[in-house]
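**Q** What follows is a single structure, and I will ask about it in a moment.
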Amino acid sequence: MGCQMNEYDSNRILDLTKKINYFPTKNLSETNCYILNTCHIREKATDKVYHDIGRLKKEFRNKKKPIVLIAGCVAQAEGDILLQKEKYIDAVIGPQSYHQINNIIKKLEKKTNSINFTEFEVVEKFDSLNLIKNSDSKISSFLTIQEGCDKFCKFCVVPYTRGSEYSRSMKELISEANYLVNNGAREIYLLGQNVNAYSYEGKKLSDLILEISKIKDLKRIRYTTSHPKDFTEDLIKVHKNCKKLMPLIHLPVQSGSNKILEAMNRKHNIEEYLEIIKKLVEAKPDIKFSSDFIIGYPGEMYYDFKKTIKLVNTVEYINSFSFIYSPRPGTPAFDLKKIDTTDAKKRLIEFQQAAESIKKKYRKKLIRKTVKVLFENKMKKEDKFFGRDEHFNSVIVDSKYDLTGKIKNVKILKGNQNTFFGEIISNQKQTDYAA
């Protein structure tokens, strides 16, 4: 469940458990060990855990119970409560402790008591993972470079579930990036709770991007999620100079009102945010943006909300992710007085209509245009391939040739809300294009 970092963590859990002869299965009924990697960002995250456990209980009602492990941020935040309320769970494992998973499984095979592993051991975690090769063989692969957060936004659980900011060494990241490329990756997505807060022995995210860009067969680099407070001049300069760095930035703002940003403890204001946007556009004119928005944060008045609408119209985000504020237990904002639910829902609808209108105009302009697409895989339907353009738009084409891992010029013919459909420019040879 949850973010790209959870997907990266889940893949590494699979790498680890293979060492003790546990392998993934698509058939729930033959499961010996069930691992649920959870996310605590949105509301009702714990309810989803209980729902999944209920489904598991039903499946194994008349069979031997599998080992049941709850991993991730819900485990970190509410581990003791989970173990007390649901006896079917054998262990909870926080996101900084999953390198211990094989030892935990081995203990549970011997039927020991339930286990709570939710200590912050991020250095030990990555030291352990460096000994296990990342087996991800996708064309677009994730690489976690930084974990944790020191910003302490009042609505956010990340500092309490992932701990303080920690950056992995350049050496181990370059080594893992090389391994991923040798294993077939042509695009690497650098991940972090505050990815642009990356800092190791004086080296920043910009330095890491430039080093990774030297890998010959790597064609594209992306990163997420950025915090406006950490968007420095050197990173802006890299967007101008590094051709492999894609021109789409996810830069969460959360609100267009300085009053609400201060209440959230976001550590930036709208003027500073727009100055970053301006500098990035000057450095890379074709750059586009996506963002996150919290609607109906405690204390938000309608005029605050209208400032958010104004911001959306100013920046013209090609994608936006918006949610009504939901209080997370353990955060400073948890006990704040919520605004009227009906008002919050009306504002969310108004916001999403404005954001969708901008998105539609952008997508309409792409029809009949030519874009560069990195193809990730062949679809189940015969002779259809899926890829993404430089701005991360999904594109599907027909081809008798294997396009996997190749960058092709594609003319967009039509599209819907989520996907474009196009054709390969017919006069180009079936070879890779430089990124």
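Here's how to read the names in the structure tokens: chain A, B, ... by the order shown, residue numbers from 1 in each chain, ligand numbers from 1 in the order shown.
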Could you please write out, as a VMD selection string, every residue of region 179-370 of chain A that DSSP assigns to alpha helix (DSSP H)?

**A** chain A and resid 179 to 182 205 to 212 233 to 241 258 to 264 270 to 283 302 to 315 341 to 366

**Q** Compile a residue-level contact table for region 368-404 of chain A against region 307-321 of chain A at a cut-off of 12 Å, reporting for every qualifying residue the shortest atom pair and its distance in Å to one decimal, with only C-alpha atoms counted, rows ordered by chain and ascending number, as a tab-separated table.

**A**
residue	atom	partner	partner_atom	distance
A:His391	CA	A:Ile318	CA	8.9
A:Phe392	CA	A:Ile318	CA	10.1
A:Asn393	CA	A:Ile318	CA	9.6

**Q** Please provide the set of residues having any atom within 8 Å of region 192-201 of chain A, restricted to only C-alpha atoms, with same-chain residues fewer than 3 positions apart removed, written as a list of chain:residue names.

**A**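 In the requested format, the answer is A:Met5, A:Thr144, A:Ile145, A:Gln146, A:Glu147, A:Gly148, A:Cys149, A:Val158, A:Glu165, A:Tyr166, A:Ser167, A:Arg168, A:Ser169, A:Met170, A:Lys204, A:Leu205, A:Tyr223, A:Thr224, A:Thr225, A:Ser226, A:His227, A:Asp230, A:Phe231.
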
**Q** Which value, in Å to one decimal, gives the distance between CA of Glu390 (chain A) and CA of Ile425 (chain A)?

**A**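 Straight-line distance from CA of Glu390 (chain A) to CA of Ile425 (chain A) works out to 16.7 Å.
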
**Q** Any idea what's packed within 8 Å of Leu14 (chain A), counting only C-alpha atoms, ignoring anything in its chain fewer than 4 positions away? Could you give it as a count of residues only?

**A** 4

**Q** What separation in Å, quoted to one decimal, exists between CA of Val157 (chain A) and CA of Thr331 (chain A)?

**A**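 The value is 6.1 Å.
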
**Q** For Phe293 (chain A), please output as a ChimeraX atom specification all residues within 10 Å (counting only C-alpha atoms; exclusion window: fewer than 4 positions along the same chain).

**A** /A:252-256,297,308,312,320-325,348,351

**Q** Those selected residues, please, written with N, CA and C atoms and delivered as an mmCIF file, in the first residue's frame.

**A**
data_model
loop_
_atom_site.group_PDB
_atom_site.id
_atom_site.type_symbol
_atom_site.label_atom_id
_atom_site.label_comp_id
_atom_site.auth_asym_id
_atom_site.auth_seq_id
_atom_site.Cartn_x
_atom_site.Cartn_y
_atom_site.Cartn_z
ATOM 1 N N PRO A 252 5.118 19.393 -3.832
ATOM 2 C CA PRO A 252 3.934 19.619 -3.003
ATOM 3 C C PRO A 252 3.915 21.005 -2.374
ATOM 4 N N VAL A 253 2.755 21.650 -2.428
ATOM 5 C CA VAL A 253 2.581 22.973 -1.825
ATOM 6 C C VAL A 253 1.550 22.935 -0.702
ATOM 7 N N GLN A 254 0.535 22.077 -0.830
ATOM 8 C CA GLN A 254 -0.519 21.808 0.158
ATOM 9 C C GLN A 254 -1.594 22.889 0.230
ATOM 10 N N SER A 255 -1.215 24.176 0.132
ATOM 11 C CA SER A 255 -2.214 25.253 0.186
ATOM 12 C C SER A 255 -1.663 26.479 -0.522
ATOM 13 N N GLY A 256 -2.568 27.319 -1.023
ATOM 14 C CA GLY A 256 -2.158 28.562 -1.653
ATOM 15 C C GLY A 256 -2.194 29.747 -0.701
ATOM 16 N N TYR A 297 -8.041 22.282 5.625
ATOM 17 C CA TYR A 297 -7.199 22.182 6.817
ATOM 18 C C TYR A 297 -7.807 23.044 7.920
ATOM 19 N N THR A 308 -5.772 29.063 -3.015
ATOM 20 C CA THR A 308 -5.286 27.787 -3.561
ATOM 21 C C THR A 308 -5.730 27.636 -5.008
ATOM 22 N N VAL A 312 -3.291 27.285 -8.386
ATOM 23 C CA VAL A 312 -3.444 26.231 -9.397
ATOM 24 C C VAL A 312 -3.540 26.837 -10.793
ATOM 25 N N SER A 320 -2.531 16.969 -10.231
ATOM 26 C CA SER A 320 -2.630 17.392 -8.842
ATOM 27 C C SER A 320 -3.341 16.308 -8.042
ATOM 28 N N PHE A 321 -2.905 16.146 -6.808
ATOM 29 C CA PHE A 321 -3.451 15.126 -5.924
ATOM 30 C C PHE A 321 -4.028 15.847 -4.709
ATOM 31 N N SER A 322 -5.340 15.765 -4.552
ATOM 32 C CA SER A 322 -6.016 16.571 -3.541
ATOM 33 C C SER A 322 -6.868 15.698 -2.633
ATOM 34 N N PHE A 323 -6.865 16.062 -1.349
ATOM 35 C CA PHE A 323 -7.596 15.301 -0.350
ATOM 36 C C PHE A 323 -8.150 16.254 0.700
ATOM 37 N N ILE A 324 -9.303 15.917 1.240
ATOM 38 C CA ILE A 324 -9.813 16.632 2.407
ATOM 39 C C ILE A 324 -8.927 16.280 3.596
ATOM 40 N N TYR A 325 -8.608 17.258 4.408
ATOM 41 C CA TYR A 325 -7.765 17.023 5.571
ATOM 42 C C TYR A 325 -8.330 15.910 6.437
ATOM 43 N N LEU A 348 -13.473 20.679 -2.086
ATOM 44 C CA LEU A 348 -12.726 19.657 -2.810
ATOM 45 C C LEU A 348 -13.270 19.510 -4.223
ATOM 46 N N PHE A 351 -12.200 22.517 -6.219
ATOM 47 C CA PHE A 351 -10.772 22.419 -6.538
ATOM 48 C C PHE A 351 -10.532 21.433 -7.665
#

**Q** Compile the contact shell of Leu218 (chain A) as a PyMOL selection string: residues with an atom at most 10 Å away, counting only C-alpha atoms, same-chain residues fewer than 2 positions apart removed.

**A** chain A and resi 139+177-178+180-182+184-188+212-216+220-221+244+434-435

**Q** Give me the residues within 12 Å of Lys87 (chain A) as a list in words, counting only C-alpha atoms and dropping any in the same chain fewer than 4 places off.

**A**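 The filter keeps Tyr50, Ile53, Gly54, Lys57, Lys65, Ile67, Val68, Leu69, Asp80, Ile81, Leu82, Leu83, Ala91, Val92, Asn113, Ser114 and Ile115 of chain A.
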
**Q** Looking at only C-alpha atoms, which of A:Lys154, A:Lys219, A:Thr232, A:Asn241 is the one that sits closest to Leu261 (chain A)?

**A**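 Residue with the minimum atom-to-atom distance to Leu261 (chain A): A:Lys154.
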
**Q** Residues of region 286-305 of chain A that approach region 356-373 of chain A to 12 Å or less, counting only C-alpha atoms: could you list each one with the shortest pair of atoms and its distance in Å to one decimal, rows by chain and increasing residue number, as a tab-separated table?

**A**
residue	atom	partner	partner_atom	distance
A:Lys288	CA	A:Tyr362	CA	10.4
A:Phe289	CA	A:Lys359	CA	11.1
A:Ser290	CA	A:Lys359	CA	10.4

**Q** Could those residues be written to a file, using C-alpha atoms, as a JSON list (two decimals), in the first residue's frame?

**A**
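Wrote it out as result_19.json, contents follow:
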[["chain", "number", "residue", "atom", "x", "y", "z"],
["A", 288, "LYS", "CA", 5.94, 20.93, -15.96],
["A", 289, "PHE", "CA", 4.72, 20.49, -12.39],
["A", 290, "SER", "CA", 2.49, 18.32, -10.25]]
